[in-house]
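One file, structure-v7.pdb, carrying PDB, N, CA and C atoms:
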ATOM      1  N   MET A  11       8.849  -6.764  16.435
ATOM      2  CA  MET A  11       8.840  -7.991  15.646
ATOM      3  C   MET A  11       8.800  -7.628  14.176
ATOM      4  N   GLY A  12       9.839  -7.951  13.430
ATOM      5  CA  GLY A  12       9.906  -7.632  12.010
ATOM      6  C   GLY A  12       9.208  -8.694  11.180
ATOM      7  N   LEU A  13       8.811  -8.301  10.017
ATOM      8  CA  LEU A  13       8.146  -9.199   9.087
ATOM      9  C   LEU A  13       9.202  -9.984   8.319
ATOM     10  N   ALA A  14       9.137 -11.295   8.371
ATOM     11  CA  ALA A  14      10.109 -12.137   7.685
ATOM     12  C   ALA A  14       9.632 -12.372   6.257
ATOM     13  N   LEU A  15      10.076 -11.529   5.339
ATOM     14  CA  LEU A  15       9.610 -11.589   3.961
ATOM     15  C   LEU A  15       9.973 -12.893   3.269
ATOM     16  N   GLU A  16      11.080 -13.476   3.648
ATOM     17  CA  GLU A  16      11.480 -14.717   3.008
ATOM     18  C   GLU A  16      10.493 -15.849   3.286
ATOM     19  N   ARG A  17       9.643 -15.692   4.275
ATOM     20  CA  ARG A  17       8.638 -16.712   4.577
ATOM     21  C   ARG A  17       7.325 -16.444   3.856
ATOM     22  N   LEU A  18       7.263 -15.432   3.001
ATOM     23  CA  LEU A  18       6.050 -15.121   2.256
ATOM     24  C   LEU A  18       6.290 -15.306   0.755
ATOM     25  N   PRO A  19       6.183 -16.541   0.268
ATOM     26  CA  PRO A  19       6.432 -16.756  -1.156
ATOM     27  C   PRO A  19       5.386 -16.079  -2.036
ATOM     28  N   ASP A  20       4.165 -15.996  -1.575
ATOM     29  CA  ASP A  20       3.077 -15.340  -2.293
ATOM     30  C   ASP A  20       2.380 -14.398  -1.329
ATOM     31  N   TRP A  21       2.087 -13.197  -1.796
ATOM     32  CA  TRP A  21       1.397 -12.234  -0.928
ATOM     33  C   TRP A  21      -0.072 -12.621  -0.809
ATOM     34  N   PRO A  22      -0.630 -12.555   0.392
ATOM     35  CA  PRO A  22      -2.038 -12.914   0.594
ATOM     36  C   PRO A  22      -2.973 -11.887  -0.048
ATOM     37  N   VAL A  23      -4.206 -12.268  -0.222
ATOM     38  CA  VAL A  23      -5.191 -11.398  -0.861
ATOM     39  C   VAL A  23      -5.572 -10.210   0.029
ATOM     40  N   ALA A  24      -5.371 -10.341   1.335
ATOM     41  CA  ALA A  24      -5.617  -9.253   2.283
ATOM     42  C   ALA A  24      -4.440  -9.189   3.251
ATOM     43  N   MET A  25      -4.078  -7.959   3.640
ATOM     44  CA  MET A  25      -2.866  -7.780   4.439
ATOM     45  C   MET A  25      -3.073  -6.839   5.612
ATOM     46  N   THR A  26      -2.348  -7.115   6.681
ATOM     47  CA  THR A  26      -2.313  -6.201   7.816
ATOM     48  C   THR A  26      -1.523  -4.953   7.410
ATOM     49  N   ARG A  27      -1.542  -3.942   8.249
ATOM     50  CA  ARG A  27      -0.812  -2.696   7.967
ATOM     51  C   ARG A  27       0.682  -2.971   7.742
ATOM     52  N   GLU A  28       1.281  -3.765   8.617
ATOM     53  CA  GLU A  28       2.706  -4.073   8.499
ATOM     54  C   GLU A  28       3.006  -4.767   7.175
ATOM     55  N   MET A  29       2.170  -5.730   6.813
ATOM     56  CA  MET A  29       2.360  -6.432   5.547
ATOM     57  C   MET A  29       2.132  -5.492   4.364
ATOM     58  N   ALA A  30       1.130  -4.628   4.464
ATOM     59  CA  ALA A  30       0.830  -3.684   3.381
ATOM     60  C   ALA A  30       1.995  -2.734   3.150
ATOM     61  N   LEU A  31       2.626  -2.287   4.220
ATOM     62  CA  LEU A  31       3.787  -1.418   4.089
ATOM     63  C   LEU A  31       4.945  -2.149   3.419
ATOM     64  N   ALA A  32       5.176  -3.398   3.799
ATOM     65  CA  ALA A  32       6.246  -4.185   3.180
ATOM     66  C   ALA A  32       5.923  -4.476   1.719
ATOM     67  N   TYR A  33       4.676  -4.784   1.419
ATOM     68  CA  TYR A  33       4.250  -5.122   0.060
ATOM     69  C   TYR A  33       4.382  -3.932  -0.882
ATOM     70  N   THR A  34       3.925  -2.770  -0.448
ATOM     71  CA  THR A  34       3.940  -1.595  -1.324
ATOM     72  C   THR A  34       5.272  -0.870  -1.312
ATOM     73  N   GLY A  35       5.988  -0.945  -0.196
ATOM     74  CA  GLY A  35       7.261  -0.240  -0.083
ATOM     75  C   GLY A  35       7.116   1.256   0.146
ATOM     76  N   VAL A  36       5.898   1.714   0.462
ATOM     77  CA  VAL A  36       5.684   3.145   0.709
ATOM     78  C   VAL A  36       5.872   3.460   2.188
ATOM     79  N   ALA A  37       5.952   4.741   2.474
ATOM     80  CA  ALA A  37       6.078   5.195   3.858
ATOM     81  C   ALA A  37       4.728   5.110   4.566
ATOM     82  N   GLU A  38       4.778   5.040   5.870
ATOM     83  CA  GLU A  38       3.564   5.021   6.699
ATOM     84  C   GLU A  38       2.671   6.212   6.371
ATOM     85  N   ALA A  39       3.278   7.384   6.161
ATOM     86  CA  ALA A  39       2.500   8.591   5.850
ATOM     87  C   ALA A  39       1.728   8.436   4.542
ATOM     88  N   GLN A  40       2.319   7.787   3.541
ATOM     89  CA  GLN A  40       1.625   7.567   2.264
ATOM     90  C   GLN A  40       0.446   6.636   2.455
ATOM     91  N   LEU A  41       0.623   5.589   3.244
ATOM     92  CA  LEU A  41      -0.467   4.655   3.509
ATOM     93  C   LEU A  41      -1.608   5.363   4.233
ATOM     94  N   ARG A  42      -1.276   6.217   5.199
ATOM     95  CA  ARG A  42      -2.308   6.990   5.906
ATOM     96  C   ARG A  42      -3.040   7.935   4.949
ATOM     97  N   GLU A  43      -2.308   8.522   3.998
ATOM     98  CA  GLU A  43      -2.936   9.398   3.003
ATOM     99  C   GLU A  43      -3.921   8.617   2.142
ATOM    100  N   TRP A  44      -3.539   7.428   1.713
ATOM    101  CA  TRP A  44      -4.453   6.588   0.943
ATOM    102  C   TRP A  44      -5.701   6.253   1.755
ATOM    103  N   GLU A  45      -5.520   5.995   3.040
ATOM    104  CA  GLU A  45      -6.673   5.721   3.910
ATOM    105  C   GLU A  45      -7.566   6.947   4.017
ATOM    106  N   ARG A  46      -6.957   8.103   4.204
ATOM    107  CA  ARG A  46      -7.715   9.348   4.342
ATOM    108  C   ARG A  46      -8.556   9.608   3.093
ATOM    109  N   ARG A  47      -7.987   9.332   1.927
ATOM    110  CA  ARG A  47      -8.692   9.546   0.662
ATOM    111  C   ARG A  47      -9.679   8.428   0.338
ATOM    112  N   GLY A  48      -9.608   7.317   1.068
ATOM    113  CA  GLY A  48     -10.494   6.187   0.803
ATOM    114  C   GLY A  48      -9.975   5.256  -0.281
ATOM    115  N   THR A  49      -8.740   5.460  -0.710
ATOM    116  CA  THR A  49      -8.134   4.606  -1.736
ATOM    117  C   THR A  49      -7.869   3.210  -1.192
ATOM    118  N   VAL A  50      -7.420   3.149   0.045
ATOM    119  CA  VAL A  50      -7.166   1.876   0.743
ATOM    120  C   VAL A  50      -7.979   1.907   2.029
ATOM    121  N   ARG A  51      -8.717   0.833   2.249
ATOM    122  CA  ARG A  51      -9.516   0.726   3.474
ATOM    123  C   ARG A  51      -9.108  -0.508   4.254
ATOM    124  N   PHE A  52      -8.882  -0.311   5.535
ATOM    125  CA  PHE A  52      -8.591  -1.437   6.427
ATOM    126  C   PHE A  52      -9.880  -1.801   7.160
ATOM    127  N   CYS A  53     -10.211  -3.086   7.153
ATOM    128  CA  CYS A  53     -11.412  -3.595   7.825
ATOM    129  C   CYS A  53     -10.982  -4.540   8.945
ATOM    130  N   LEU A  54     -11.712  -4.514  10.029
ATOM    131  CA  LEU A  54     -11.402  -5.377  11.184
ATOM    132  C   LEU A  54     -11.927  -6.786  10.931
ATOM    133  N   ARG A  55     -11.258  -7.504  10.042
ATOM    134  CA  ARG A  55     -11.694  -8.853   9.678
ATOM    135  C   ARG A  55     -10.570  -9.876   9.756
ATOM    136  N   GLY A  56      -9.392  -9.470  10.152
ATOM    137  CA  GLY A  56      -8.241 -10.368  10.189
ATOM    138  C   GLY A  56      -8.225 -11.232  11.433
ATOM    139  N   PRO A  57      -7.187 -12.042  11.573
ATOM    140  CA  PRO A  57      -7.047 -12.882  12.752
ATOM    141  C   PRO A  57      -7.024 -12.045  14.032
ATOM    142  N   ARG A  58      -7.761 -12.468  15.006
ATOM    143  CA  ARG A  58      -7.861 -11.784  16.310
ATOM    144  C   ARG A  58      -8.268 -10.321  16.161
ATOM    145  N   GLY A  59      -9.109 -10.043  15.169
ATOM    146  CA  GLY A  59      -9.625  -8.689  14.988
ATOM    147  C   GLY A  59      -8.675  -7.724  14.314
ATOM    148  N   ALA A  60      -7.623  -8.232  13.711
ATOM    149  CA  ALA A  60      -6.651  -7.361  13.043
ATOM    150  C   ALA A  60      -7.288  -6.652  11.854
ATOM    151  N   ALA A  61      -6.871  -5.427  11.624
ATOM    152  CA  ALA A  61      -7.327  -4.668  10.466
ATOM    153  C   ALA A  61      -6.552  -5.134   9.238
ATOM    154  N   ILE A  62      -7.284  -5.461   8.165
ATOM    155  CA  ILE A  62      -6.653  -5.903   6.931
ATOM    156  C   ILE A  62      -7.180  -5.088   5.758
ATOM    157  N   ALA A  63      -6.351  -4.975   4.721
ATOM    158  CA  ALA A  63      -6.724  -4.267   3.488
ATOM    159  C   ALA A  63      -6.579  -5.232   2.320
ATOM    160  N   ALA A  64      -7.413  -5.056   1.318
ATOM    161  CA  ALA A  64      -7.360  -5.903   0.129
ATOM    162  C   ALA A  64      -6.116  -5.582  -0.694
ATOM    163  N   ARG A  65      -5.445  -6.623  -1.142
ATOM    164  CA  ARG A  65      -4.261  -6.444  -1.979
ATOM    165  C   ARG A  65      -4.612  -5.664  -3.247
ATOM    166  N   SER A  66      -5.803  -5.888  -3.795
ATOM    167  CA  SER A  66      -6.208  -5.184  -5.020
ATOM    168  C   SER A  66      -6.261  -3.674  -4.808
ATOM    169  N   SER A  67      -6.683  -3.226  -3.619
ATOM    170  CA  SER A  67      -6.716  -1.786  -3.360
ATOM    171  C   SER A  67      -5.309  -1.231  -3.201
ATOM    172  N   LEU A  68      -4.414  -2.031  -2.637
ATOM    173  CA  LEU A  68      -3.012  -1.611  -2.519
ATOM    174  C   LEU A  68      -2.374  -1.515  -3.899
ATOM    175  N   ASP A  69      -2.669  -2.497  -4.765
ATOM    176  CA  ASP A  69      -2.146  -2.469  -6.128
ATOM    177  C   ASP A  69      -2.636  -1.225  -6.871
ATOM    178  N   ALA A  70      -3.934  -0.917  -6.743
ATOM    179  CA  ALA A  70      -4.502   0.250  -7.416
ATOM    180  C   ALA A  70      -3.890   1.547  -6.894
ATOM    181  N   ALA A  71      -3.648   1.613  -5.592
ATOM    182  CA  ALA A  71      -3.058   2.812  -5.000
ATOM    183  C   ALA A  71      -1.638   3.021  -5.499
ATOM    184  N   VAL A  72      -0.851   1.959  -5.561
ATOM    185  CA  VAL A  72       0.522   2.075  -6.056
ATOM    186  C   VAL A  72       0.512   2.448  -7.535
ATOM    187  N   HIS A  73      -0.388   1.839  -8.290
ATOM    188  CA  HIS A  73      -0.490   2.161  -9.719
ATOM    189  C   HIS A  73      -0.800   3.647  -9.921
ATOM    190  N   SER A  74      -1.748   4.168  -9.150
ATOM    191  CA  SER A  74      -2.102   5.589  -9.290
ATOM    192  C   SER A  74      -0.952   6.498  -8.855
ATOM    193  N   LEU A  75      -0.178   6.045  -7.879
ATOM    194  CA  LEU A  75       0.988   6.811  -7.436
ATOM    195  C   LEU A  75       1.993   6.956  -8.580
ATOM    196  N   PHE A  76       2.254   5.866  -9.287
ATOM    197  CA  PHE A  76       3.189   5.914 -10.404
ATOM    198  C   PHE A  76       2.589   6.628 -11.610
ATOM    199  N   ALA A  77       1.289   6.488 -11.824
ATOM    200  CA  ALA A  77       0.646   7.177 -12.940
ATOM    201  C   ALA A  77       0.717   8.691 -12.748
ATOM    202  N   SER A  78       0.487   9.142 -11.522
ATOM    203  CA  SER A  78       0.550  10.586 -11.269
ATOM    204  C   SER A  78       1.991  11.077 -11.352
ATOM    205  N   ALA A  79       2.947  10.257 -10.949
ATOM    206  CA  ALA A  79       4.356  10.638 -11.057
ATOM    207  C   ALA A  79       4.766  10.726 -12.518
ATOM    208  N   ALA A  80       4.275   9.817 -13.363
ATOM    209  CA  ALA A  80       4.592   9.842 -14.791
ATOM    210  C   ALA A  80       3.991  11.078 -15.446
ATOM    211  N   ALA A  81       2.783  11.449 -15.036
ATOM    212  CA  ALA A  81       2.146  12.651 -15.580
ATOM    213  C   ALA A  81       2.929  13.893 -15.174
ATOM    214  N   ASP A  82       3.394  13.907 -13.941
ATOM    215  CA  ASP A  82       4.203  15.035 -13.466
ATOM    216  C   ASP A  82       5.517  15.120 -14.233
ATOM    217  N   ASP A  83       6.114  13.953 -14.523
ATOM    218  CA  ASP A  83       7.377  13.937 -15.266
ATOM    219  C   ASP A  83       7.212  14.542 -16.655
ATOM    220  N   GLY A  84       6.059  14.312 -17.261
ATOM    221  CA  GLY A  84       5.807  14.841 -18.597
ATOM    222  C   GLY A  84       5.590  16.350 -18.596
ATOM    223  N   ALA A  85       5.331  16.926 -17.435
ATOM    224  CA  ALA A  85       5.029  18.351 -17.374
ATOM    225  C   ALA A  85       6.293  19.219 -17.238
ATOM    226  N   ILE A  86       7.430  18.601 -17.082
ATOM    227  CA  ILE A  86       8.664  19.357 -16.911
ATOM    228  C   ILE A  86       9.090  19.942 -18.255
ATOM    229  N   GLU A  87       9.338  21.225 -18.262
ATOM    230  CA  GLU A  87       9.775  21.897 -19.484
ATOM    231  C   GLU A  87      11.165  22.475 -19.259
ATOM    232  N   PHE A  88      11.994  22.372 -20.278
ATOM    233  CA  PHE A  88      13.341  22.924 -20.226
ATOM    234  C   PHE A  88      13.453  24.048 -21.257
ATOM    235  N   ASP A  89      14.135  25.102 -20.896
ATOM    236  CA  ASP A  89      14.330  26.211 -21.836
ATOM    237  C   ASP A  89      15.501  25.964 -22.738
TER     238      ASP A  89
END

Rendering of file as structure tokens:
Amino acid sequence: MGLALERLPDWPVAMTREMALAYTGVAEAQLREWERRGTVRFCLRGPRGAAIAARSSLDAAVHSLFASAAADDGAIEFD
């Protein structure tokens, strides 16, 4: 069952794993890495016991991903 993005005019404040992946656009492995580091936490508080994560933590994780990429870009030196 795919997520119908056209039916989500506004992203909710908390999201299931599937929604979090669609919202951030990252790979499953990146989301698992954020979980491992504690950057994003899923809590069993959603409908029917679904695990959900706060949108604010997803936003912070994506921001840090781009911030670290920008720092890496600045480190490239050309001869």

Minimum-distance residue to Leu31 (chain A), chosen among A:Ala79, A:Leu68, A:Cys53, A:Ala60 (using only C-alpha atoms): A:Leu68

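Note that atom N of Asp20 (chain A) and atom N of Ala37 (chain A) are 21.2 Å apart.
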
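Counting from CA of Gly56 (chain A), the distance to CA of Trp21 (chain A) is 14.8 Å.
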
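Pairwise distance (CA of Phe52 (chain A), CA of Thr34 (chain A)) equals 14.7 Å.
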
In region 16-89 of chain A, DSSP strand (DSSP E) residues written as an MDAnalysis selection string: chainID A and resid 24:25 53:54 61:64

Polymer residues at most 10 Å from (-5.4, -2.1, -4.1) by only C-alpha atoms, as a list in words: Val23, Ala24, Ala30, Thr34, Thr49, Val50, Arg51, Ala63, Ala64, Arg65, Ser66, Ser67, Leu68, Asp69, Ala70, Ala71, Val72, His73 and Ser74 of chain A

Among the residues A:Arg55, A:Arg27, A:Ala61, A:Phe76, the one that comes closest to Arg42 (chain A) [using only C-alpha atoms]: A:Arg27

So for region 35-51 of chain A, what box centre and size do we get, axis-aligned, 5 Å extra on each of the six sides, every listed atom, Å to one decimal, as JSON?
{"center_x": -1.6, "center_y": 4.3, "center_z": 2.5, "size_x": 27.8, "size_y": 20.6, "size_z": 18.4}
